[in-house]
>>> print(open('input.csv').read())   # CSV, C-alpha atoms
chain,number,residue,atom,x,y,z
A,21,MET,CA,-8.0,-0.9,-20.7
A,22,ILE,CA,-7.1,1.1,-17.6
A,23,ASP,CA,-4.4,-1.4,-16.9
A,24,ILE,CA,-2.7,-0.6,-20.2
A,25,VAL,CA,-2.9,3.2,-19.5
A,26,VAL,CA,-1.4,2.8,-16.1
A,27,THR,CA,1.4,0.6,-17.4
A,28,ALA,CA,2.1,3.0,-20.2
A,29,ALA,CA,2.2,6.0,-17.9
A,30,LEU,CA,4.6,4.2,-15.6
A,31,TRP,CA,7.0,3.4,-18.4
A,32,ILE,CA,6.8,7.0,-19.6
A,33,ILE,CA,7.9,8.1,-16.1
A,34,VAL,CA,10.7,5.5,-16.3
A,35,VAL,CA,11.9,6.8,-19.6
A,36,ALA,CA,11.8,10.4,-18.4
A,37,LEU,CA,13.7,9.6,-15.2
A,38,ALA,CA,16.2,7.6,-17.2
A,39,LEU,CA,16.8,10.5,-19.6
A,40,GLY,CA,17.4,12.7,-16.5
A,41,VAL,CA,20.0,10.3,-15.1
A,42,ALA,CA,21.6,9.7,-18.5
A,43,ASN,CA,22.0,13.5,-18.8
A,44,ARG,CA,24.0,13.4,-15.7
A,45,SER,CA,26.1,10.4,-16.4
A,46,ARG,CA,25.8,7.3,-18.6
A,47,PRO,CA,27.6,4.8,-16.3
A,48,LEU,CA,25.3,6.0,-13.5
A,49,LEU,CA,22.3,5.1,-15.6
A,50,ARG,CA,23.6,1.6,-16.3
A,51,GLU,CA,24.4,1.1,-12.6
A,52,SER,CA,20.9,2.3,-11.4
A,53,ALA,CA,19.1,0.3,-14.1
A,54,LYS,CA,21.0,-2.8,-12.8
A,55,GLU,CA,20.1,-1.9,-9.3
A,56,GLY,CA,16.4,-1.7,-10.2
A,57,ILE,CA,16.4,-4.9,-12.1
A,58,LEU,CA,18.2,-6.8,-9.3
A,59,GLU,CA,15.6,-5.5,-6.8
A,60,PHE,CA,12.8,-6.6,-9.2
A,61,LEU,CA,14.4,-10.1,-9.5
A,62,ARG,CA,14.6,-10.3,-5.7
A,63,LEU,CA,11.0,-9.4,-5.4
A,64,VAL,CA,9.5,-11.8,-8.0
A,65,PRO,CA,9.5,-15.1,-5.9
A,66,ARG,CA,8.1,-13.2,-2.9
A,67,MET,CA,5.4,-11.6,-5.0
A,68,ALA,CA,4.5,-15.0,-6.5
A,69,ILE,CA,3.8,-16.3,-3.0
A,70,GLY,CA,1.8,-13.2,-2.1
A,71,VAL,CA,-0.3,-13.3,-5.3
A,72,LEU,CA,-1.0,-17.0,-4.7
A,73,GLY,CA,-1.9,-16.3,-1.1
A,74,SER,CA,-4.3,-13.4,-1.9
A,75,GLY,CA,-6.0,-15.4,-4.5
A,76,PHE,CA,-6.7,-18.2,-2.1
A,77,ILE,CA,-7.8,-15.8,0.7
A,78,ALA,CA,-10.2,-14.2,-1.8
A,79,ALA,CA,-11.6,-17.7,-2.7
A,80,ALA,CA,-11.9,-18.6,1.0
A,81,LEU,CA,-14.0,-15.5,1.9
A,82,PRO,CA,-17.5,-15.4,0.5
A,83,GLN,CA,-18.4,-11.8,-0.5
A,84,ASP,CA,-22.1,-12.1,0.3
A,85,PHE,CA,-21.1,-12.7,3.9
A,86,VAL,CA,-19.2,-9.5,4.0
A,87,VAL,CA,-22.1,-7.5,2.6
A,88,ALA,CA,-24.5,-9.1,5.1
A,89,TRP,CA,-22.2,-8.1,8.0
A,90,LEU,CA,-22.1,-4.5,6.9
A,91,GLY,CA,-25.8,-4.5,6.2
A,92,SER,CA,-27.1,-5.9,9.4
A,93,SER,CA,-24.7,-4.3,11.9
A,94,SER,CA,-24.9,-1.0,13.6
A,95,GLY,CA,-23.2,1.1,16.3
A,96,ILE,CA,-19.7,0.8,17.5
A,97,LEU,CA,-19.8,-3.0,17.2
A,98,GLY,CA,-21.0,-2.7,13.7
A,99,ILE,CA,-18.1,-0.3,12.9
A,100,ALA,CA,-15.6,-2.7,14.5
A,101,LEU,CA,-17.0,-5.6,12.5
A,102,ALA,CA,-16.9,-3.5,9.3
A,103,GLY,CA,-13.3,-2.6,10.1
A,104,ILE,CA,-12.3,-6.2,10.4
A,105,ALA,CA,-14.2,-7.2,7.3
A,106,GLY,CA,-12.5,-4.4,5.4
A,107,ALA,CA,-9.1,-5.5,6.5
A,108,MET,CA,-9.8,-9.0,5.4
A,109,THR,CA,-11.3,-8.0,2.0
A,110,PRO,CA,-9.0,-9.2,-0.7
A,111,GLY,CA,-8.7,-8.2,-4.3
A,112,GLY,CA,-7.2,-5.5,-6.4
A,113,PRO,CA,-8.2,-1.8,-6.3
A,114,VAL,CA,-11.9,-2.6,-7.2
A,115,VAL,CA,-13.2,-5.2,-4.8
A,116,GLY,CA,-13.4,-3.1,-1.7
A,117,PHE,CA,-15.2,-0.2,-3.4
A,118,ALA,CA,-17.5,-2.6,-5.2
A,119,ILE,CA,-18.5,-4.3,-1.9
A,120,ALA,CA,-18.9,-0.9,-0.2
A,121,ALA,CA,-21.2,0.2,-3.0
A,122,ALA,CA,-23.2,-3.0,-2.8
A,123,ALA,CA,-23.5,-2.6,1.0
A,124,LEU,CA,-24.7,1.0,0.7
A,125,LYS,CA,-27.3,0.0,-1.8
A,126,GLY,CA,-28.3,-2.9,0.5
A,127,GLY,CA,-29.0,-0.5,3.3
A,128,ALA,CA,-25.8,-0.6,5.3
A,129,GLY,CA,-25.0,2.3,7.7
A,130,ALA,CA,-22.8,5.0,6.0
A,131,PRO,CA,-20.4,5.1,9.0
A,132,GLN,CA,-19.9,1.4,8.7
A,133,VAL,CA,-19.2,1.7,5.0
A,134,ILE,CA,-16.7,4.4,5.8
A,135,ALA,CA,-15.0,2.2,8.4
A,136,TYR,CA,-15.1,-0.7,6.0
A,137,SER,CA,-13.5,1.1,3.1
A,138,THR,CA,-11.0,2.9,5.3
A,139,ALA,CA,-9.9,-0.4,6.9
A,140,TRP,CA,-9.7,-2.0,3.5
A,141,ALA,CA,-7.6,0.9,2.2
A,142,LEU,CA,-5.3,0.7,5.2
A,143,TYR,CA,-4.8,-3.0,5.5
A,144,ALA,CA,-6.1,-5.1,2.6
A,145,PHE,CA,-4.1,-8.1,3.6
A,146,PRO,CA,-3.4,-9.2,0.0
A,147,ARG,CA,-1.7,-5.9,-0.7
A,148,LEU,CA,0.2,-6.2,2.6
A,149,LEU,CA,1.3,-9.7,1.6
A,150,THR,CA,2.0,-9.1,-2.0
A,151,TYR,CA,3.7,-5.8,-1.9
A,152,GLU,CA,4.4,-4.3,1.5
A,153,LEU,CA,6.0,-7.2,3.4
A,154,PRO,CA,8.3,-8.2,0.5
A,155,ILE,CA,9.4,-4.7,-0.2
A,156,MET,CA,9.5,-2.7,3.0
A,157,PRO,CA,11.6,-3.2,6.2
A,158,ALA,CA,9.5,-5.3,8.6
A,159,LYS,CA,9.8,-2.7,11.4
A,160,VAL,CA,8.2,0.0,9.3
A,161,VAL,CA,5.4,-2.4,8.2
A,162,TRP,CA,4.5,-3.2,11.9
A,163,LEU,CA,4.7,0.4,12.9
A,164,ARG,CA,2.3,1.3,10.2
A,165,VAL,CA,-0.1,-1.6,11.1
A,166,VAL,CA,-0.2,-0.6,14.8
A,167,ALA,CA,-0.5,3.2,14.0
A,168,SER,CA,-3.4,2.4,11.7
A,169,LEU,CA,-5.5,0.5,14.3
A,170,PRO,CA,-7.6,3.5,15.5
A,171,LEU,CA,-8.0,5.1,12.1
A,172,PRO,CA,-11.1,3.3,10.7
A,173,PHE,CA,-13.0,4.3,13.9
A,174,ILE,CA,-11.8,7.9,13.7
A,175,ALA,CA,-12.8,8.1,10.0
A,176,ALA,CA,-16.3,6.7,10.9
A,177,TRP,CA,-16.6,9.2,13.8
A,178,LEU,CA,-15.5,12.1,11.7
A,179,ALA,CA,-17.9,11.1,8.9
A,180,MET,CA,-20.7,11.2,11.4
A,181,LEU,CA,-19.6,14.6,12.7
A,182,ILE,CA,-19.5,16.1,9.2
A,183,GLY,CA,-22.9,14.6,8.4
A,184,LYS,CA,-23.8,12.7,5.3
A,185,PRO,CA,-24.3,14.9,2.2
B,1,MET,CA,24.9,19.7,-11.7
B,2,GLN,CA,28.1,18.0,-10.6
B,3,SER,CA,30.1,16.1,-13.3
B,4,GLU,CA,31.6,13.4,-11.2
B,5,THR,CA,29.7,10.3,-10.3
B,6,PRO,CA,28.2,10.3,-6.8
B,7,PRO,CA,28.5,7.0,-4.9
B,8,LEU,CA,25.4,4.7,-5.1
B,9,PRO,CA,23.5,4.2,-1.9
B,10,PRO,CA,24.4,0.9,-0.3
B,11,ARG,CA,22.0,-2.0,-1.0
B,12,ARG,CA,20.3,-3.4,2.0
B,13,LYS,CA,21.5,-6.9,2.8
B,14,ARG,CA,18.7,-9.5,2.9
B,15,ARG,CA,18.8,-13.1,4.0
B,16,ALA,CA,17.3,-15.6,1.6
B,17,PHE,CA,14.8,-16.7,4.2
B,18,ASP,CA,13.2,-14.4,6.8
B,19,TRP,CA,10.2,-14.5,9.0
B,20,PRO,CA,7.8,-12.3,7.0
B,21,THR,CA,8.2,-14.8,4.2
B,22,ALA,CA,7.6,-17.6,6.6
B,23,ILE,CA,4.3,-16.0,7.8
B,24,LEU,CA,3.3,-15.5,4.2
B,25,ILE,CA,3.9,-19.1,3.2
B,26,ALA,CA,2.0,-20.3,6.3
B,27,ILE,CA,-1.0,-18.1,5.3
B,28,VAL,CA,-0.9,-19.2,1.7
B,29,VAL,CA,-0.8,-22.9,2.6
B,30,SER,CA,-3.7,-22.7,5.1
B,31,ALA,CA,-5.9,-20.7,2.8
B,32,ALA,CA,-5.1,-23.0,-0.1
B,33,ALA,CA,-5.8,-26.1,2.0
B,34,TYR,CA,-9.1,-24.6,3.1
B,35,VAL,CA,-10.2,-23.9,-0.5
B,36,TYR,CA,-9.2,-27.3,-1.6
B,37,TRP,CA,-11.1,-29.0,1.3
B,38,ARG,CA,-14.2,-26.9,0.7
B,39,ASP,CA,-14.4,-26.5,-3.1
B,40,GLY,CA,-12.4,-29.4,-4.4
B,41,ALA,CA,-9.5,-29.7,-6.9
B,42,ALA,CA,-11.2,-28.0,-9.9
B,43,ARG,CA,-11.7,-24.7,-8.0
B,44,PHE,CA,-8.2,-25.0,-6.6
B,45,VAL,CA,-6.6,-25.2,-10.0
B,46,ASP,CA,-8.9,-22.4,-11.2
B,47,VAL,CA,-7.6,-20.1,-8.5
B,48,ILE,CA,-4.0,-20.9,-9.4
B,49,TRP,CA,-4.6,-20.1,-13.1
B,50,SER,CA,-6.3,-16.7,-12.4
B,51,ASP,CA,-3.4,-15.9,-10.0
B,52,ALA,CA,-0.9,-16.8,-12.7
B,53,ASP,CA,-2.7,-14.4,-15.0
B,54,LEU,CA,-2.7,-11.6,-12.5
B,55,PHE,CA,1.0,-12.2,-11.8
B,56,ILE,CA,2.0,-12.0,-15.4
B,57,TRP,CA,0.0,-8.7,-15.8
B,58,MET,CA,1.7,-7.3,-12.7
B,59,MET,CA,5.3,-7.9,-13.7
B,60,PRO,CA,5.8,-4.9,-16.1
B,61,ASN,CA,4.3,-2.6,-13.5
B,62,VAL,CA,6.5,-4.0,-10.7
B,63,LEU,CA,9.6,-3.7,-12.9
B,64,ALA,CA,8.7,-0.1,-13.8
B,65,GLY,CA,8.2,0.6,-10.0
B,66,CYS,CA,11.6,-0.8,-9.2
B,67,LEU,CA,13.3,1.2,-11.9
B,68,ILE,CA,11.5,4.4,-10.9
B,69,ALA,CA,12.6,3.9,-7.3
B,70,ALA,CA,16.3,3.2,-8.4
B,71,LEU,CA,16.3,6.3,-10.7
B,72,VAL,CA,14.6,8.6,-8.2
B,73,THR,CA,17.2,7.6,-5.7
B,74,ILE,CA,19.9,8.9,-8.1
B,75,LEU,CA,18.1,12.1,-9.0
B,76,LEU,CA,17.0,13.2,-5.6
B,77,PRO,CA,19.9,14.3,-3.5
B,78,ARG,CA,20.2,12.4,-0.2
B,79,GLU,CA,20.4,15.7,1.7
B,80,THR,CA,17.1,16.9,0.2
B,81,VAL,CA,15.3,13.8,1.3
B,82,SER,CA,16.6,13.9,4.9
B,83,ARG,CA,16.0,17.6,5.1
B,84,TRP,CA,12.4,17.3,3.9
B,85,VAL,CA,11.3,14.0,5.5
B,86,GLY,CA,14.1,13.0,7.8
B,87,ARG,CA,13.9,12.6,11.5
B,88,ASP,CA,14.7,16.3,12.1
B,89,ALA,CA,12.1,17.5,9.7
B,90,GLY,CA,9.5,17.2,12.5
B,91,PHE,CA,5.8,18.0,11.8
B,92,LYS,CA,6.7,19.6,8.5
B,93,GLY,CA,8.1,16.3,7.2
B,94,ILE,CA,4.8,14.6,8.1
B,95,LEU,CA,2.8,17.3,6.3
B,96,ILE,CA,5.0,17.0,3.1
B,97,ALA,CA,4.7,13.2,3.2
B,98,ALA,CA,0.9,13.5,3.5
B,99,GLY,CA,0.8,15.9,0.5
B,100,ALA,CA,3.0,13.7,-1.6
B,101,GLY,CA,0.8,10.7,-0.9
B,102,ILE,CA,-2.2,12.5,-2.4
B,103,ILE,CA,-0.5,13.1,-5.7
B,104,VAL,CA,1.8,10.1,-6.2
B,105,PRO,CA,0.3,8.2,-9.2
B,106,GLY,CA,0.4,4.5,-9.8
B,107,GLY,CA,-0.3,1.5,-7.7
B,108,PRO,CA,1.3,-0.4,-4.8
B,109,PHE,CA,4.0,-1.4,-7.4
B,110,THR,CA,5.3,2.2,-7.4
B,111,ILE,CA,4.6,3.4,-3.9
B,112,TYR,CA,6.3,0.7,-1.9
B,113,PRO,CA,9.6,0.6,-3.9
B,114,ILE,CA,9.7,4.4,-3.7
B,115,ALA,CA,8.9,4.3,0.1
B,116,ALA,CA,11.6,1.7,0.7
B,117,ALA,CA,14.1,3.7,-1.3
B,118,PHE,CA,13.3,6.8,0.8
B,119,ILE,CA,14.0,4.8,4.0
B,120,GLY,CA,17.3,3.9,2.5
B,121,MET,CA,18.0,7.6,1.9
B,122,GLY,CA,17.4,8.6,5.5
B,123,ALA,CA,13.6,9.3,5.5
B,124,ASP,CA,11.9,9.0,8.9
B,125,ALA,CA,9.7,6.0,9.6
B,126,ALA,CA,6.9,8.3,10.6
B,127,ALA,CA,7.1,10.2,7.3
B,128,VAL,CA,7.1,7.0,5.3
B,129,VAL,CA,4.1,5.7,7.2
B,130,THR,CA,2.3,9.0,6.6
B,131,LEU,CA,3.1,8.7,2.8
B,132,ILE,CA,1.7,5.2,2.5
B,133,THR,CA,-1.4,6.0,4.6
B,134,SER,CA,-2.1,9.2,2.7
B,135,TRP,CA,-1.7,7.3,-0.6
B,136,THR,CA,-4.1,4.5,0.4
B,137,THR,CA,-6.7,6.6,2.1
B,138,ILE,CA,-6.8,9.9,0.2
B,139,GLY,CA,-4.6,9.3,-2.9
B,140,LEU,CA,-6.2,11.1,-5.8
B,141,SER,CA,-5.4,8.5,-8.6
B,142,ARG,CA,-7.1,5.8,-6.5
B,143,SER,CA,-10.2,7.8,-5.7
B,144,LEU,CA,-10.6,9.2,-9.2
B,145,VAL,CA,-10.0,6.0,-11.1
B,146,TRP,CA,-11.5,3.4,-8.9
B,147,GLU,CA,-13.7,4.8,-6.1
B,148,LEU,CA,-15.7,7.5,-8.0
B,149,PRO,CA,-17.3,5.1,-10.5
B,150,PHE,CA,-18.6,2.9,-7.7
B,151,LEU,CA,-19.6,5.3,-5.0
B,152,GLY,CA,-20.5,8.6,-6.7
B,153,PHE,CA,-19.1,12.1,-6.1
B,154,ASP,CA,-21.0,13.0,-2.9
B,155,PHE,CA,-20.1,9.9,-1.0
B,156,VAL,CA,-16.4,10.0,-2.2
B,157,LEU,CA,-16.1,13.7,-1.2
B,158,TRP,CA,-17.6,12.9,2.2
B,159,ARG,CA,-15.3,10.0,2.8
B,160,TRP,CA,-12.3,11.9,1.5
B,161,ILE,CA,-12.9,14.8,4.0
B,162,ALA,CA,-13.4,12.4,6.9
B,163,ALA,CA,-10.1,10.6,5.9
B,164,LEU,CA,-8.1,13.8,5.4
B,165,PRO,CA,-6.5,13.9,9.0
B,166,LEU,CA,-5.8,10.1,9.1
B,167,ALA,CA,-2.4,10.1,7.4
B,168,ILE,CA,-1.1,12.8,9.7
B,169,LEU,CA,-2.5,11.0,12.7
B,170,ALA,CA,-0.7,7.8,11.7
B,171,GLY,CA,2.6,9.6,11.4
B,172,LEU,CA,2.2,11.2,14.8
B,173,ILE,CA,1.3,7.8,16.3
B,174,VAL,CA,4.4,6.3,14.8
B,175,ARG,CA,6.5,9.1,16.2
B,176,ALA,CA,5.0,8.6,19.6
B,177,ILE,CA,5.7,4.9,19.5
B,178,GLU,CA,9.3,5.5,18.5
B,179,GLN,CA,9.7,8.2,21.2
B,180,TYR,CA,8.4,5.6,23.8
B,181,TRP,CA,10.9,3.0,22.6
B,182,ARG,CA,13.7,5.4,22.8
B,183,VAL,CA,12.9,6.5,26.3
B,184,LYS,CA,12.5,2.9,27.4
B,185,ALA,CA,15.8,1.9,25.8
B,186,LYS,CA,17.7,4.4,27.9
B,187,PRO,CA,18.7,3.0,31.3
>>> encode(input="input.csv", output="C-alpha cells")
Amino acid sequence: MIDIVVTAALWIIVVALALGVANRSRPLLRESAKEGILEFLRLVPRMAIGVLGSGFIAAALPQDFVVAWLGSSSGILGIALAGIAGAMTPGGPVVGFAIAAAALKGGAGAPQVIAYSTAWALYAFPRLLTYELPIMPAKVVWLRVVASLPLPFIAAWLAMLIGKP
Amino acid sequence: MQSETPPLPPRRKRRAFDWPTAILIAIVVSAAAYVYWRDGAARFVDVIWSDADLFIWMMPNVLAGCLIAALVTILLPRETVSRWVGRDAGFKGILIAAGAGIIVPGGPFTIYPIAAAFIGMGADAAAVVTLITSWTTIGLSRSLVWELPFLGFDFVLWRWIAALPLAILAGLIVRAIEQYWRVKAKP
C-alpha cells in the first residue's frame, strides 16, 4: 500500500516538473525526458546485479544471529560489533528498524541499538550496491564511506550523553 | 524566464565495464554460491524469484527518480546550485545540504539520481555527502514512514537528536580529506 503511495507521489512530482519545463520550452522537455530515460536504461542492468546481490546477502545472513550480537554485547566492543552488524544488514527500509526493535525488546543496550541503526542507515550494503555505486561517481562514494566511519560511534556516544528518555 | 533554450549539461561518459561493477559481480557470485552450498537449489531459486519481484516493483520508482533528476537539472540554474552548494559555498553549503536531506522525500531511487545530477552541476563533494548522510540518518520521510511504527516516538526522537550533527560532521570530514589531498598533490 505504502509502495503505491510513494510511486504515485513520485510521478506527481515528475508531472509537476515536466509542466514546469514544458512551460519554458517544449523541445527542452523532450530532450530532458530523453536524458532521464537514457540514464534509466543505463542503470537497469547494474541495478539488476545489485538487487540479486542484496537478495543473496540477505539470505546468507541469519537475522537471529544479528539480534543475538546486539543483545549480548556491551561497551565499546558491543557498539563496534553493532556498527558492523548494522552495515551488513540487508533489506529495504524496514529490516534494519525491525531488527533494532526486536533487539531492544530482547534486552539489547540502547547505545548499541543506536549504533546499529545508524550504521545500517549509513552503509546498508544492499543500498550501496543497488543504488549508490551504479549511480554516483566512485570517488564520492568512497569519500562518503570513509567520512561515515566514526559516525555510528559518535551517535551512540551522543545518545548516552543526552540520556535515554 | 529566458525564451531561448539553454544548453543541456554534458552527459558523463561511462565505460561499459568499470571496477565498481566488477566488485558488485564478485560479491553477488560469492553470496549466491554460499547460499546454494548451504541451502540447496530450491532456496537459491526462491531468492532469485523474490529478487525479480522486487526488481519489477522498483522500476517505476527508479524511472521517476531519473526523470526528476533530469528535469530538476533543467529547472535549477547551474549558478544557483554552485552558489548554494558549490566549493565556495563553505560551511553554509554544508548546512543547506543537511537541511535539504531532512526534507527530500522518496527513497534511494530519488536521492541518488538527484545527488549525481547535482555533482554534474558543480556541487561540492562535501555538500553531496552531507545531503546523502542527512537523508539516510535524519530524513523525515524515512523516520515517519518506517522507523516510528517500529521503535516508537520517544526512541525515534532520542535517536534523531543524537544523529542531528552527523551529516554536518560527514561533510566536514570530506572537506578535510579533500584539503589533505590537495596539499599533498602540490609539490
>>> closest_residue(input="input.csv", among="B:Pro60, B:Ala69, B:Ala52, B:Thr110", to="Glu152 (chain A)", atoms="all atoms listed in the file")
B:Thr110
>>> closest_atom_pairs(input="input.csv", of="chain A", to="chain B", cutoff="7 Å", atoms="all atoms listed in the file", output="tab-separated table")
residue	atom	partner	partner_atom	distance
A:Val26	CA	B:Gly106	CA	6.8
A:Thr27	CA	B:Asn61	CA	5.8
A:Leu30	CA	B:Ala64	CA	6.2
A:Trp31	CA	B:Ala64	CA	6.0
A:Val34	CA	B:Ile68	CA	5.6
A:Leu37	CA	B:Leu71	CA	6.2
A:Ala38	CA	B:Leu71	CA	6.6
A:Val41	CA	B:Leu75	CA	6.6
A:Leu48	CA	B:Thr5	CA	6.9
A:Ser52	CA	B:Ala70	CA	5.6
A:Ala53	CA	B:Leu67	CA	6.3
A:Glu55	CA	B:Ala70	CA	6.4
A:Gly56	CA	B:Leu67	CA	4.6
A:Ile57	CA	B:Leu67	CA	6.8
A:Glu59	CA	B:Cys66	CA	6.6
A:Phe60	CA	B:Leu63	CA	5.7
A:Ala68	CA	B:Phe55	CA	6.9
A:Ile69	CA	B:Ile25	CA	6.8
A:Gly70	CA	B:Leu24	CA	6.9
A:Val71	CA	B:Asp51	CA	6.2
A:Leu72	CA	B:Asp51	CA	5.9
A:Gly73	CA	B:Val28	CA	4.2
A:Gly75	CA	B:Asp51	CA	6.1
A:Phe76	CA	B:Ala32	CA	5.4
A:Ile77	CA	B:Ala31	CA	5.7
A:Ala79	CA	B:Val35	CA	6.7
A:Ala80	CA	B:Val35	CA	5.8
A:Pro113	CA	B:Trp146	CA	6.7
A:Val114	CA	B:Trp146	CA	6.2
A:Phe117	CA	B:Glu147	CA	5.9
A:Ala118	CA	B:Phe150	CA	6.1
A:Ala121	CA	B:Leu151	CA	5.7
A:Ile134	CA	B:Arg159	CA	6.5
A:Thr138	CA	B:Thr137	CA	6.5
A:Ala141	CA	B:Thr136	CA	5.3
A:Leu142	CA	B:Thr136	CA	6.2
A:Leu149	CA	B:Leu24	CA	6.7
A:Tyr151	CA	B:Pro108	CA	6.6
A:Glu152	CA	B:Tyr112	CA	6.3
A:Leu153	CA	B:Pro20	CA	6.5
A:Ile155	CA	B:Tyr112	CA	6.5
A:Met156	CA	B:Ala116	CA	5.4
A:Val160	CA	B:Ala125	CA	6.2
A:Leu163	CA	B:Val174	CA	6.2
A:Arg164	CA	B:Val129	CA	5.6
A:Ala167	CA	B:Ala170	CA	5.1
A:Ser168	CA	B:Ala170	CA	6.0
A:Leu171	CA	B:Leu166	CA	6.2
A:Ala175	CA	B:Ala162	CA	5.3
A:Leu178	CA	B:Ala162	CA	5.2
A:Ala179	CA	B:Ala162	CA	5.1
A:Lys184	CA	B:Trp158	CA	6.9
A:Pro185	CA	B:Asp154	CA	6.4
>>> atom_distance(input="input.csv", atom1="CA of Phe173 (chain A)", atom2="CA of Leu131 (chain B)")
20.0 Å
>>> atom_distance(input="input.csv", atom1="CA of Glu51 (chain A)", atom2="CA of Met121 (chain B)")
17.1 Å
>>> build_atoms(input="input.csv", residues="region 119-133 of chain B", atoms="N, CA and C atoms", output="PDB file, in the coordinates of the input")
ATOM      1  N   ILE B 119      13.419   5.255   2.674  1.00  0.00           N
ATOM      2  CA  ILE B 119      14.000   4.800   4.000  1.00  0.00           C
ATOM      3  C   ILE B 119      15.462   4.656   3.845  1.00  0.00           C
ATOM      4  N   GLY B 120      15.907   4.046   2.724  1.00  0.00           N
ATOM      5  CA  GLY B 120      17.300   3.900   2.500  1.00  0.00           C
ATOM      6  C   GLY B 120      18.079   5.185   2.425  1.00  0.00           C
ATOM      7  N   MET B 121      17.359   6.263   2.035  1.00  0.00           N
ATOM      8  CA  MET B 121      18.000   7.600   1.900  1.00  0.00           C
ATOM      9  C   MET B 121      17.860   8.416   3.144  1.00  0.00           C
ATOM     10  N   GLY B 122      17.374   7.833   4.233  1.00  0.00           N
ATOM     11  CA  GLY B 122      17.400   8.600   5.500  1.00  0.00           C
ATOM     12  C   GLY B 122      16.020   9.202   5.842  1.00  0.00           C
ATOM     13  N   ALA B 123      14.936   8.789   5.157  1.00  0.00           N
ATOM     14  CA  ALA B 123      13.600   9.300   5.500  1.00  0.00           C
ATOM     15  C   ALA B 123      13.206   8.696   6.869  1.00  0.00           C
ATOM     16  N   ASP B 124      12.425   9.455   7.622  1.00  0.00           N
ATOM     17  CA  ASP B 124      11.900   9.000   8.900  1.00  0.00           C
ATOM     18  C   ASP B 124      10.826   8.001   8.752  1.00  0.00           C
ATOM     19  N   ALA B 125      10.754   7.009   9.651  1.00  0.00           N
ATOM     20  CA  ALA B 125       9.700   6.000   9.600  1.00  0.00           C
ATOM     21  C   ALA B 125       8.318   6.641   9.639  1.00  0.00           C
ATOM     22  N   ALA B 126       8.172   7.663  10.488  1.00  0.00           N
ATOM     23  CA  ALA B 126       6.900   8.300  10.600  1.00  0.00           C
ATOM     24  C   ALA B 126       6.458   8.969   9.294  1.00  0.00           C
ATOM     25  N   ALA B 127       7.396   9.602   8.601  1.00  0.00           N
ATOM     26  CA  ALA B 127       7.100  10.200   7.300  1.00  0.00           C
ATOM     27  C   ALA B 127       6.692   9.203   6.278  1.00  0.00           C
ATOM     28  N   VAL B 128       7.401   8.067   6.282  1.00  0.00           N
ATOM     29  CA  VAL B 128       7.100   7.000   5.300  1.00  0.00           C
ATOM     30  C   VAL B 128       5.736   6.403   5.564  1.00  0.00           C
ATOM     31  N   VAL B 129       5.407   6.172   6.839  1.00  0.00           N
ATOM     32  CA  VAL B 129       4.100   5.700   7.200  1.00  0.00           C
ATOM     33  C   VAL B 129       3.002   6.661   6.761  1.00  0.00           C
ATOM     34  N   THR B 130       3.274   7.946   6.982  1.00  0.00           N
ATOM     35  CA  THR B 130       2.300   9.000   6.600  1.00  0.00           C
ATOM     36  C   THR B 130       2.115   8.941   5.045  1.00  0.00           C
ATOM     37  N   LEU B 131       3.221   8.793   4.307  1.00  0.00           N
ATOM     38  CA  LEU B 131       3.100   8.700   2.800  1.00  0.00           C
ATOM     39  C   LEU B 131       2.246   7.586   2.399  1.00  0.00           C
ATOM     40  N   ILE B 132       2.477   6.389   2.952  1.00  0.00           N
ATOM     41  CA  ILE B 132       1.700   5.200   2.500  1.00  0.00           C
ATOM     42  C   ILE B 132       0.237   5.373   2.939  1.00  0.00           C
ATOM     43  N   THR B 133      -0.003   5.850   4.174  1.00  0.00           N
ATOM     44  CA  THR B 133      -1.400   6.000   4.600  1.00  0.00           C
ATOM     45  C   THR B 133      -2.123   7.035   3.800  1.00  0.00           C
TER      46      THR B 133
END
